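*Asks:* Next comes the structure file model26.cif, holding mmCIF, C-alpha atoms (C1' of nucleotides).
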```cif
data_final
#
loop_
_atom_site.label_atom_id
_atom_site.label_comp_id
_atom_site.auth_asym_id
_atom_site.auth_seq_id
_atom_site.Cartn_x
_atom_site.Cartn_y
_atom_site.Cartn_z
CA MET A 931 -6.35 -12.91 -34.94
CA GLY A 932 -9.31 -10.68 -35.59
CA PRO A 933 -9.43 -6.93 -34.98
CA ARG A 934 -11.03 -7.46 -31.58
CA GLU A 935 -8.10 -9.46 -30.27
CA ARG A 936 -5.58 -7.19 -31.90
CA TYR A 937 -7.12 -4.16 -30.21
CA ARG A 938 -7.18 -6.05 -26.95
CA GLU A 939 -3.46 -6.80 -27.12
CA GLN A 940 -2.77 -3.20 -28.05
CA VAL A 941 -4.61 -1.88 -25.00
CA ARG A 942 -2.95 -4.41 -22.72
CA ASP A 943 0.43 -3.27 -23.98
CA GLU A 944 -0.46 0.35 -23.43
CA VAL A 945 -1.56 -0.39 -19.87
CA LYS A 946 1.69 -2.22 -19.18
CA GLN A 947 3.71 0.62 -20.62
CA HIS A 948 2.08 3.11 -18.27
CA ALA A 949 2.53 0.64 -15.45
CA TRP A 950 6.28 0.44 -16.09
CA GLU A 951 6.52 4.21 -16.01
CA GLN A 952 4.77 4.30 -12.65
CA ILE A 953 6.94 1.51 -11.28
CA ALA A 954 10.10 3.20 -12.53
CA THR A 955 9.26 6.40 -10.69
CA ALA A 956 7.63 5.15 -7.51
CA GLY A 957 8.00 1.39 -7.27
CA VAL A 958 5.49 -1.38 -7.52
CA ALA A 959 3.73 -0.40 -4.31
CA ALA A 960 2.56 2.82 -5.93
CA LEU A 961 1.16 1.08 -8.98
CA SER A 962 -2.41 2.26 -9.38
CA LEU A 963 -4.89 0.98 -11.95
CA ASN A 964 -6.91 4.10 -11.39
CA ALA A 965 -4.01 6.38 -12.21
CA ILE A 966 -3.22 4.39 -15.34
CA ALA A 967 -6.84 4.68 -16.43
CA LYS A 968 -6.73 8.42 -15.90
CA GLN A 969 -3.56 8.68 -17.97
CA MET A 970 -5.23 6.73 -20.75
CA GLY A 971 -8.32 8.88 -20.62
CA VAL A 972 -10.73 6.13 -19.58
CA SER A 973 -12.60 5.38 -16.41
CA GLY A 974 -11.04 3.16 -13.75
CA PRO A 975 -13.21 0.06 -14.14
CA ALA A 976 -12.54 -0.02 -17.88
CA LEU A 977 -9.14 -1.60 -17.25
CA TYR A 978 -10.74 -4.58 -15.55
CA ARG A 979 -11.74 -5.75 -19.01
CA TYR A 980 -8.05 -6.29 -19.68
CA PHE A 981 -6.68 -7.34 -16.31
CA ALA A 982 -8.83 -9.18 -13.81
CA ASN A 983 -7.15 -7.37 -10.94
CA ARG A 984 -4.00 -5.60 -9.86
CA ASP A 985 -2.18 -8.88 -9.23
CA GLU A 986 -2.77 -10.11 -12.75
CA LEU A 987 -1.24 -6.92 -14.12
CA ILE A 988 1.78 -7.35 -11.86
CA THR A 989 2.07 -10.98 -12.93
CA ALA A 990 2.16 -9.88 -16.56
CA LEU A 991 4.83 -7.32 -15.73
CA ILE A 992 6.91 -9.92 -13.89
CA ARG A 993 6.63 -12.27 -16.83
CA ASP A 994 7.79 -9.55 -19.23
CA ALA A 995 10.66 -8.65 -16.90
CA TYR A 996 11.84 -12.26 -16.74
CA ARG A 997 11.52 -12.51 -20.50
CA SER A 998 13.59 -9.37 -20.98
CA LEU A 999 16.29 -10.55 -18.58
CA ALA A 1000 16.45 -13.97 -20.19
CA ASP A 1001 16.82 -12.36 -23.62
CA ALA A 1002 19.58 -10.05 -22.38
CA VAL A 1003 21.49 -12.95 -20.82
CA ARG A 1004 21.02 -15.13 -23.88
CA ALA A 1005 22.18 -12.32 -26.17
CA ALA A 1006 25.30 -11.73 -24.08
CA TYR A 1007 26.13 -15.43 -24.08
CA ASP A 1008 25.59 -15.76 -27.80
CA GLY A 1009 27.82 -12.73 -28.21
CA GLY A 1010 30.65 -14.69 -26.67
CA ALA A 1011 30.50 -13.39 -23.10
CA ASP A 1012 32.08 -15.43 -20.30
CA LEU A 1013 30.85 -15.39 -16.70
CA VAL A 1014 32.30 -11.94 -16.09
CA GLY A 1015 30.64 -10.65 -19.23
CA LEU A 1016 27.36 -12.25 -18.21
CA ALA A 1017 27.53 -10.59 -14.82
CA GLY A 1018 28.16 -7.26 -16.51
CA ALA A 1019 25.21 -7.78 -18.84
CA ILE A 1020 22.92 -8.62 -15.93
CA ARG A 1021 24.07 -5.56 -14.01
CA GLU A 1022 23.58 -3.30 -17.02
CA TRP A 1023 20.12 -4.72 -17.52
CA ALA A 1024 19.28 -4.09 -13.87
CA LEU A 1025 20.59 -0.52 -13.91
CA VAL A 1026 18.41 0.43 -16.88
CA ASP A 1027 15.40 0.11 -14.59
CA PRO A 1028 16.23 -0.89 -11.02
CA HIS A 1029 12.60 -1.40 -10.10
CA ARG A 1030 12.31 -3.98 -12.85
CA TYR A 1031 15.09 -6.02 -11.27
CA LEU A 1032 13.60 -5.57 -7.81
CA LEU A 1033 10.21 -6.67 -9.12
CA ILE A 1034 11.78 -10.05 -9.86
CA TYR A 1035 14.38 -10.49 -7.17
CA GLY A 1036 13.30 -8.01 -4.52
CA THR A 1037 10.95 -8.47 -1.60
CA PRO A 1038 8.21 -10.82 -2.75
CA VAL A 1039 4.63 -9.62 -2.83
CA PRO A 1040 2.91 -11.42 0.08
CA GLY A 1041 0.47 -14.05 -0.98
CA TYR A 1042 1.76 -13.94 -4.51
CA HIS A 1043 2.93 -17.17 -6.10
CA ALA A 1044 4.77 -17.12 -9.39
CA PRO A 1045 2.98 -19.06 -12.13
CA ALA A 1046 4.79 -21.95 -13.72
CA ASP A 1047 5.73 -20.15 -16.92
CA THR A 1048 7.65 -17.42 -15.11
CA THR A 1049 9.69 -19.99 -13.20
CA ALA A 1050 10.32 -21.66 -16.55
CA ILE A 1051 11.83 -18.44 -17.90
CA SER A 1052 13.82 -18.14 -14.68
CA ASP A 1053 15.20 -21.62 -15.31
CA GLU A 1054 16.11 -20.48 -18.81
CA VAL A 1055 18.39 -17.82 -17.30
CA MET A 1056 19.93 -20.35 -14.97
CA THR A 1057 20.56 -22.74 -17.85
CA VAL A 1058 22.58 -20.17 -19.75
CA ILE A 1059 24.58 -19.34 -16.63
CA VAL A 1060 25.35 -22.99 -15.97
CA GLU A 1061 26.32 -23.44 -19.60
CA ALA A 1062 28.78 -20.56 -19.28
CA ALA A 1063 30.04 -21.87 -15.94
CA GLY A 1064 31.65 -25.08 -17.27
CA PRO A 1065 33.48 -27.44 -16.71
CA PRO A 1066 30.37 -29.60 -16.34
CA ALA A 1067 31.38 -31.39 -13.16
CA THR A 1068 30.97 -28.29 -11.03
CA ALA A 1069 28.96 -26.11 -13.40
CA VAL A 1070 25.71 -26.23 -11.45
CA ARG A 1071 27.48 -25.36 -8.23
CA ARG A 1072 29.38 -22.53 -9.87
CA GLY A 1073 26.22 -21.27 -11.52
CA LEU A 1074 24.50 -21.13 -8.16
CA LEU A 1075 27.39 -19.23 -6.59
CA PHE A 1076 27.51 -16.89 -9.58
CA TRP A 1077 23.87 -16.11 -9.04
CA THR A 1078 24.07 -15.50 -5.28
CA ARG A 1079 27.19 -13.36 -5.56
CA VAL A 1080 25.97 -11.19 -8.39
CA HIS A 1081 22.61 -10.76 -6.70
CA GLY A 1082 24.29 -10.01 -3.39
CA VAL A 1083 26.19 -7.05 -4.77
CA LEU A 1084 23.50 -5.92 -7.18
CA SER A 1085 20.58 -5.88 -4.80
CA LEU A 1086 22.53 -3.95 -2.19
CA GLU A 1087 23.66 -1.50 -4.84
CA LEU A 1088 20.14 -0.98 -6.20
CA ALA A 1089 18.76 -0.53 -2.71
CA GLY A 1090 21.30 2.21 -2.11
CA HIS A 1091 23.11 0.45 0.71
CA PHE A 1092 26.53 1.38 -0.72
CA GLN A 1093 25.68 5.06 -0.49
CA GLY A 1094 28.68 6.98 0.83
CA MET A 1095 30.76 3.85 1.25
CA ASP A 1096 33.48 4.16 -1.40
CA VAL A 1097 32.46 0.97 -3.16
CA ASP A 1098 32.75 0.41 -6.90
CA PRO A 1099 29.90 -2.05 -7.56
CA ALA A 1100 30.99 -2.89 -11.10
CA ALA A 1101 34.49 -3.80 -9.95
CA LEU A 1102 33.06 -5.69 -7.00
CA VAL A 1103 30.85 -7.84 -9.20
CA THR A 1104 33.75 -8.54 -11.54
CA ALA A 1105 36.06 -9.45 -8.68
CA GLU A 1106 33.50 -11.79 -7.14
CA VAL A 1107 32.85 -13.60 -10.39
CA GLU A 1108 36.55 -13.81 -11.22
CA ALA A 1109 37.29 -15.19 -7.76
CA LEU A 1110 34.63 -17.77 -8.48
CA ALA A 1111 36.32 -18.78 -11.74
CA ASN A 1112 39.83 -19.04 -10.31
CA ARG A 1113 39.29 -20.73 -7.02
CA THR A 1114 40.34 -24.31 -6.39
CA ARG A 1115 38.23 -25.37 -3.43
CA GLN A 1116 34.44 -25.32 -3.33
CA MET B 943 9.54 10.85 32.94
CA GLY B 944 6.03 11.64 34.07
CA PRO B 945 3.06 9.31 33.76
CA ARG B 946 1.99 11.00 30.52
CA GLU B 947 5.21 10.17 28.75
CA ARG B 948 5.33 6.69 30.22
CA TYR B 949 1.84 5.95 28.94
CA ARG B 950 2.79 7.40 25.57
CA GLU B 951 5.79 5.08 25.26
CA GLN B 952 3.65 2.15 26.32
CA VAL B 953 1.07 2.80 23.62
CA ARG B 954 3.76 3.34 20.98
CA ASP B 955 5.24 -0.03 21.91
CA GLU B 956 1.87 -1.70 21.70
CA VAL B 957 1.27 -0.22 18.26
CA LYS B 958 4.67 -1.43 17.07
CA GLN B 959 3.99 -4.90 18.43
CA HIS B 960 0.77 -5.17 16.44
CA ALA B 961 2.59 -3.73 13.44
CA TRP B 962 5.21 -6.49 13.61
CA GLU B 963 2.51 -9.12 13.72
CA GLN B 964 0.91 -7.66 10.60
CA ILE B 965 4.24 -7.44 8.83
CA ALA B 966 5.11 -10.99 9.77
CA THR B 967 1.91 -12.33 8.26
CA ALA B 968 1.43 -10.10 5.22
CA GLY B 969 4.51 -7.94 4.73
CA VAL B 970 5.04 -4.23 5.13
CA ALA B 971 2.78 -3.37 2.19
CA ALA B 972 -0.21 -4.65 4.12
CA LEU B 973 0.62 -2.64 7.22
CA SER B 974 -2.53 -0.73 8.13
CA LEU B 975 -2.85 1.84 10.89
CA ASN B 976 -6.58 1.35 10.73
CA ALA B 977 -6.32 -2.39 11.32
CA ILE B 978 -3.95 -1.85 14.24
CA ALA B 979 -6.37 0.63 15.76
CA LYS B 980 -9.19 -1.88 15.42
CA GLN B 981 -7.09 -4.56 17.12
CA MET B 982 -6.34 -2.17 19.96
CA GLY B 983 -9.99 -1.25 20.32
CA VAL B 984 -9.61 2.42 19.44
CA SER B 985 -10.63 4.47 16.47
CA GLY B 986 -8.27 4.92 13.54
CA PRO B 987 -7.31 8.56 13.99
CA ALA B 988 -6.33 7.92 17.62
CA LEU B 989 -3.03 6.43 16.49
CA TYR B 990 -2.05 9.66 14.78
CA ARG B 991 -1.37 11.04 18.26
CA TYR B 992 1.50 8.58 18.47
CA PHE B 993 2.77 8.38 14.91
CA ALA B 994 2.46 11.33 12.58
CA ASN B 995 1.83 9.00 9.65
CA ARG B 996 2.40 5.52 8.29
CA ASP B 997 5.95 6.31 7.25
CA GLU B 998 6.94 7.40 10.75
CA LEU B 999 5.71 4.10 12.13
CA ILE B 1000 7.71 2.20 9.52
CA THR B 1001 10.76 4.30 10.33
CA ALA B 1002 10.43 3.34 13.98
CA LEU B 1003 10.12 -0.33 13.00
CA ILE B 1004 13.20 -0.11 10.79
CA ARG B 1005 15.15 1.48 13.61
CA ASP B 1006 14.13 -1.30 15.99
CA ALA B 1007 15.02 -3.93 13.41
CA TYR B 1008 18.48 -2.47 12.91
CA ARG B 1009 18.92 -2.27 16.67
CA SER B 1010 17.91 -5.89 17.08
CA LEU B 1011 20.25 -7.07 14.34
CA ALA B 1012 23.15 -5.06 15.72
CA ASP B 1013 22.57 -6.56 19.17
CA ALA B 1014 22.44 -10.08 17.74
CA VAL B 1015 25.67 -9.60 15.82
CA ARG B 1016 27.38 -7.98 18.78
CA ALA B 1017 26.25 -10.79 21.08
CA ALA B 1018 27.56 -13.45 18.69
CA TYR B 1019 30.89 -11.69 18.37
CA ASP B 1020 31.24 -11.26 22.12
CA GLY B 1021 30.41 -14.93 22.44
CA GLY B 1022 33.53 -15.74 20.47
CA ALA B 1023 32.04 -16.29 17.03
CA ASP B 1024 34.25 -16.03 13.94
CA LEU B 1025 33.01 -14.93 10.51
CA VAL B 1026 31.24 -18.24 9.94
CA GLY B 1027 29.59 -17.95 13.33
CA LEU B 1028 28.58 -14.39 12.60
CA ALA B 1029 27.02 -15.42 9.32
CA GLY B 1030 25.08 -18.13 11.11
CA ALA B 1031 23.87 -15.66 13.72
CA ILE B 1032 22.70 -13.23 11.05
CA ARG B 1033 20.90 -15.98 9.19
CA GLU B 1034 19.22 -17.23 12.36
CA TRP B 1035 18.13 -13.70 13.15
CA ALA B 1036 16.70 -13.30 9.67
CA LEU B 1037 14.83 -16.60 9.76
CA VAL B 1038 13.06 -15.71 13.00
CA ASP B 1039 11.12 -13.09 11.05
CA PRO B 1040 12.00 -12.89 7.37
CA HIS B 1041 9.96 -9.74 6.86
CA ARG B 1042 12.06 -8.00 9.48
CA TYR B 1043 15.21 -8.71 7.48
CA LEU B 1044 13.51 -7.69 4.24
CA LEU B 1045 12.33 -4.47 5.86
CA ILE B 1046 15.97 -3.51 6.23
CA TYR B 1047 17.68 -5.07 3.25
CA GLY B 1048 14.80 -5.70 0.88
CA THR B 1049 13.27 -3.46 -1.74
CA PRO B 1050 13.43 0.08 -0.41
CA VAL B 1051 10.23 2.02 0.15
CA PRO B 1052 10.13 4.63 -2.65
CA GLY B 1053 10.68 8.16 -1.46
CA TYR B 1054 11.85 6.92 1.88
CA HIS B 1055 15.24 8.04 3.15
CA ALA B 1056 16.74 6.42 6.22
CA PRO B 1057 17.40 8.91 9.02
CA ALA B 1058 20.98 9.30 10.20
CA ASP B 1059 20.57 7.28 13.39
CA THR B 1060 19.52 4.14 11.51
CA THR B 1061 22.56 4.34 9.25
CA ALA B 1062 24.63 4.77 12.39
CA ILE B 1063 23.30 1.48 13.74
CA SER B 1064 23.97 -0.07 10.34
CA ASP B 1065 27.57 1.10 10.60
CA GLU B 1066 27.69 -0.52 14.03
CA VAL B 1067 26.96 -3.91 12.43
CA MET B 1068 29.60 -3.31 9.80
CA THR B 1069 32.15 -2.40 12.45
CA VAL B 1070 31.71 -5.70 14.24
CA ILE B 1071 32.00 -7.60 10.96
CA VAL B 1072 35.19 -5.79 10.01
CA GLU B 1073 36.56 -6.43 13.49
CA ALA B 1074 35.91 -10.13 13.04
CA ALA B 1075 37.33 -10.08 9.51
CA GLY B 1076 40.95 -9.31 10.47
CA PRO B 1077 43.84 -9.13 9.60
CA PRO B 1078 43.48 -5.36 9.48
CA ALA B 1079 45.11 -4.81 6.07
CA THR B 1080 42.22 -6.41 4.20
CA ALA B 1081 39.57 -6.38 6.91
CA VAL B 1082 37.34 -3.73 5.32
CA ARG B 1083 37.44 -5.48 1.98
CA ARG B 1084 36.68 -8.84 3.55
CA GLY B 1085 33.92 -7.32 5.61
CA LEU B 1086 32.31 -5.94 2.48
CA LEU B 1087 32.53 -9.28 0.68
CA PHE B 1088 31.18 -11.03 3.77
CA TRP B 1089 28.21 -8.73 3.68
CA THR B 1090 27.42 -9.09 -0.02
CA ARG B 1091 27.83 -12.87 0.00
CA VAL B 1092 25.72 -13.48 3.08
CA HIS B 1093 23.06 -11.13 1.80
CA GLY B 1094 23.16 -12.72 -1.63
CA VAL B 1095 22.28 -16.15 -0.31
CA LEU B 1096 19.99 -14.97 2.46
CA SER B 1097 17.81 -12.63 0.42
CA LEU B 1098 17.28 -15.22 -2.29
CA GLU B 1099 16.46 -17.81 0.36
CA LEU B 1100 13.98 -15.55 2.14
CA ALA B 1101 12.33 -14.58 -1.14
CA GLY B 1102 11.81 -18.26 -1.89
CA HIS B 1103 13.98 -18.35 -5.00
CA PHE B 1104 15.63 -21.61 -3.93
CA GLN B 1105 12.25 -23.35 -3.86
CA GLY B 1106 12.56 -26.79 -5.41
CA MET B 1107 16.22 -26.34 -6.24
CA ASP B 1108 18.01 -28.76 -3.91
CA VAL B 1109 20.00 -26.02 -2.20
CA ASP B 1110 21.07 -26.06 1.45
CA PRO B 1111 21.19 -22.36 2.28
CA ALA B 1112 22.94 -22.82 5.62
CA ALA B 1113 25.74 -24.84 4.03
CA LEU B 1114 25.91 -22.38 1.17
CA VAL B 1115 26.41 -19.42 3.49
CA THR B 1116 29.04 -21.30 5.46
CA ALA B 1117 30.88 -22.31 2.28
CA GLU B 1118 30.86 -18.78 0.92
CA VAL B 1119 32.18 -17.28 4.14
CA GLU B 1120 34.81 -19.99 4.51
CA ALA B 1121 35.95 -19.47 0.94
CA LEU B 1122 36.29 -15.82 1.80
CA ALA B 1123 38.49 -16.63 4.79
CA ASN B 1124 40.77 -19.06 2.95
CA ARG B 1125 41.33 -17.38 -0.35
CA THR B 1126 44.63 -15.79 -1.32
CA ARG B 1127 43.68 -13.38 -4.10
CA GLN B 1128 41.18 -10.57 -3.77
"C1'" DC C 813 -28.70 -6.77 -42.07
"C1'" DG C 814 -29.30 -8.15 -37.47
"C1'" DC C 815 -27.64 -10.78 -33.55
"C1'" DG C 816 -24.48 -11.22 -29.84
"C1'" DT C 817 -20.29 -10.25 -27.83
"C1'" DT C 818 -17.44 -6.73 -26.01
"C1'" DA C 819 -16.06 -2.20 -24.41
"C1'" DG C 820 -16.90 1.56 -21.78
"C1'" DT C 821 -19.85 4.07 -18.71
"C1'" DT C 822 -21.73 5.43 -13.92
"C1'" DA C 823 -22.92 4.01 -9.22
"C1'" DG C 824 -21.44 2.11 -5.20
"C1'" DA C 825 -19.37 -1.00 -1.55
"C1'" DA C 826 -15.46 -1.69 1.36
"C1'" DG C 827 -11.30 -0.11 3.06
"C1'" DG C 828 -7.14 2.80 3.29
"C1'" DT C 829 -4.57 7.48 4.93
"C1'" DA C 830 -4.99 11.65 6.99
"C1'" DT C 831 -7.08 16.24 8.85
"C1'" DA C 832 -10.38 19.02 11.49
"C1'" DA C 833 -13.23 20.00 15.16
"C1'" DC C 834 -14.94 18.83 19.44
"C1'" DG C 835 -15.68 16.87 24.26
"C1'" DA C 836 -13.78 14.67 28.45
"C1'" DG C 837 -10.50 13.96 31.83
"C1'" DG C 838 -6.17 13.90 34.24
"C1'" DA C 839 -1.55 16.44 35.46
"C1'" DG C 840 0.40 19.98 37.41
"C1'" DA C 841 0.37 24.74 39.33
"C1'" DA C 842 -1.44 28.25 42.51
"C1'" DT D 792 -8.15 21.89 47.03
"C1'" DT D 793 -9.27 24.08 43.02
"C1'" DC D 794 -8.39 25.78 38.58
"C1'" DT D 795 -6.31 25.72 34.14
"C1'" DC D 796 -4.51 23.69 30.33
"C1'" DC D 797 -2.82 20.00 27.75
"C1'" DT D 798 -3.54 15.58 25.83
"C1'" DC D 799 -6.22 11.97 24.42
"C1'" DG D 800 -9.88 9.83 21.91
"C1'" DT D 801 -13.92 10.65 19.56
"C1'" DT D 802 -16.82 11.53 15.19
"C1'" DA D 803 -17.16 13.65 10.69
"C1'" DT D 804 -15.09 14.37 6.53
"C1'" DA D 805 -12.17 14.52 2.26
"C1'" DC D 806 -9.89 11.91 -0.87
"C1'" DC D 807 -7.60 7.95 -2.33
"C1'" DT D 808 -7.54 2.92 -3.61
"C1'" DT D 809 -9.46 -1.82 -5.60
"C1'" DC D 810 -13.14 -4.03 -7.41
"C1'" DT D 811 -18.35 -5.43 -8.52
"C1'" DA D 812 -22.81 -4.54 -10.60
"C1'" DA D 813 -25.78 -2.91 -13.93
"C1'" DC D 814 -26.53 -0.54 -18.02
"C1'" DT D 815 -25.64 1.37 -22.78
"C1'" DA D 816 -23.48 1.80 -27.11
"C1'" DA D 817 -21.08 0.03 -30.81
"C1'" DC D 818 -18.70 -3.13 -33.61
"C1'" DG D 819 -17.46 -7.64 -35.70
"C1'" DC D 820 -19.25 -11.87 -37.45
"C1'" DG D 821 -22.35 -14.99 -39.61
#
```
Can you give me the file's structure in the form of structure tokens?
*Replies:*
Amino acid sequence: MGPRERYREQVRDEVKQHAWEQIATAGVAALSLNAIAKQMGVSGPALYRYFANRDELITALIRDAYRSLADAVRAAYDGGADLVGLAGAIREWALVDPHRYLLIYGTPVPGYHAPADTTAISDEVMTVIVEAAGPPATAVRRGLLFWTRVHGVLSLELAGHFQGMDVDPAALVTAEVEALANRTRQ
Amino acid sequence: MGPRERYREQVRDEVKQHAWEQIATAGVAALSLNAIAKQMGVSGPALYRYFANRDELITALIRDAYRSLADAVRAAYDGGADLVGLAGAIREWALVDPHRYLLIYGTPVPGYHAPADTTAISDEVMTVIVEAAGPPATAVRRGLLFWTRVHGVLSLELAGHFQGMDVDPAALVTAEVEALANRTRQ
DNA sequence: CGCGTTAGTTAGAAGGTATAACGAGGAGAA
DNA sequence: TTCTCCTCGTTATACCTTCTAACTAACGCG
């Protein structure tokens, strides 16, 4: 990789870093290429050398978010976590930057279709979950239920729908996953 | 109510109707006062007589959405539906216009805080669910779990995350709610 | 050393929210 | 009935956004 490409990657990373800061404070809707350019001390159109348009930047961010989540889940599993531990790891990851979680699992951007490689990373997460969800006969089913239950609590928590409701989200997630592990009927 | 106010309400309703059409096709992010004005054959600024800004329009839409959901849930309950029936009614309501459900339970608009009356309607929904979730001792808990489970499946379904995954969302919701009704441990 | 790619610039189109200032007309009061 | 005032819709404008086009400067590569 020559110096040209290296510089290019460096700038792309810097753009994404600023983008994450904007998303963390005001959500993806407020993401502005112009504002990022201003922060970086360049003119607006300069960024179009690095990202064809706003969607391509968001796609890159989504890919990175999936990658980060997959790594976190994989690390927890390799560290010996069971389903409850996995759920905790996912929740911790989400709480670090709620908008990052919502970028993946929140309201989809209209007209946006995830490229194949992001769905591949998504499958990677699911694979780990299913692996942790044994016994094999019902692992896929249990993995699916794990996913919907954790997401059910987590997305409502992140969206602030538990506000003033005397709910302990961490305990709720744990209880839901434990109930999943101990139940007899599907 | 004089003719002035009546006309005012009429125009507000017309604006909201166009707004729903836009949201249904392109999501709330693409909601444009300007485009609505064009559709109605008036200039852009004319609409600011009826809605102080874009946020106020969205607030009105959210209120209407909550109202509609509460009515649907209430109607199902009065029609003799149990928890499974209620879940089905909620899902049906959501599928009629996915963006309407996501407007309420999807990624929150940054900086937006729901006014008290919308949370009151939201409580109304919860009250019906808890009523249907008896016995009283664990009704609140079961109502909460009902909510998180149904939302978990529904939001993933609406966001298209089950695409190509061989999942029957309707059966999944039913199974989750039934498991909730038949389980012994919390 | 020079050629060619690449980065960054300014200008500008198209479209968005929102405010200000102005003219026209209907509702309601005298 | 007439007069007054409020409300509505208009245009003009400021400022924001994404994104394209055309040009210049500079840097890496052969």
*Asks:* If you count only C-alpha atoms (C1' of nucleotides), which residues fall within 8 Å of segment 1089-1100 of chain B, apart from same-chain ones fewer than 4 positions away, as a ChimeraX atom specification?
*Replies:* /A:1035,1078-1083,1085-1086 /B:1029,1033,1037,1040,1044,1048,1085,1104,1111,1114-1115,1118-1119
*Asks:* List as a list in words the protein and nucleic acid residues near Ala968 of chain B, meaning an atom at most 10 Å away when only C-alpha atoms (C1' of nucleotides) are counted, but skip any in the same chain fewer than 4 places from it.
*Replies:* Val1039, Pro1040 and Gly1041 of chain A; Trp962, Glu963, Gln964, Ala972, Leu973 and His1041 of chain B
*Asks:* Can you work out which one of A:Glu1061, A:Arg979, A:Gly957, A:Arg936 has the shortest atom-to-atom distance to chain C, counting all atoms listed in the file?
*Replies:* A:Arg979
*Asks:* Could you list, as a list in words, every residue matched by the PyMOL selection byres ((chain D) within 10 of (chain B)) in this structure?
*Replies:* DT798, DC799, DG800, DT801 and DT802 of chain D
*Asks:* Mind dumping the selected residues with C-alpha atoms (C1' of nucleotides) as a compact mmCIF listing (two decimals), in the frame of the given file?
*Replies:*
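Okay, part31.txt is ready:
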```txt
# COMPACT_ATOMS: atom_id res chain seq x y z
C1' DT D 798 -3.54 15.58 25.83
C1' DC D 799 -6.22 11.97 24.42
C1' DG D 800 -9.88 9.83 21.91
C1' DT D 801 -13.92 10.65 19.56
C1' DT D 802 -16.82 11.53 15.19
```
*Asks:* May I have the centre and edge lengths, in Å to one decimal, of an axis-aligned box around the listed atoms of segment 802-819 of chain D with 6 Å added to every side, as JSON?
*Replies:*
```
{"center_x": -17.0, "center_y": 3.4, "center_z": -10.3, "size_x": 31.0, "size_y": 34.2, "size_z": 62.9}
```
*Asks:* Work out how far atom CA of Ala1012 of chain B is from atom CA of Val1067 of chain B, in Å to one decimal.
*Replies:*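 For atom CA of Val1067 of chain B relative to atom CA of Ala1012 of chain B, the distance reads 5.2 Å.
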*Asks:* Find the residues in chain B near chain C: any atom within 9 Å counts, using only C-alpha atoms (C1' of nucleotides). Write them as a list in words.
*Replies:*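 Listed by rising number, the hits are Pro945, Arg946, Ser974, Leu975, Asn976, Pro987, Tyr990, Asn995 and Arg996 of chain B.
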*Asks:* Can you tell me how far atom CA of Tyr992 of chain B sits from atom CA of Ile965 of chain B, in Å to one decimal?
*Replies:* 18.9 Å
*Asks:* If I take atom CA of Gly1027 of chain B and atom CA of Val1109 of chain B, how far is one from the other in Å, to one decimal?
*Replies:*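 Interatomic distance here is 20.0 Å.
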*Asks:* Quick one: apply the PyMOL selection byres ((chain B and resi 1056) around 12) to the file and drop the selected residues here as a ChimeraX atom specification.
*Replies:* /A:1089-1091,1093 /B:997-998,1000-1005,1008,1045-1047,1050-1055,1057-1064
*Asks:* I'd like to know which of A:Val1058, A:Trp1023, A:Val958, A:Gly932 is closest to chain B, using all atoms listed in the file.
*Replies:*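 Of the candidates, the smallest distance to chain B is held by A:Val958.
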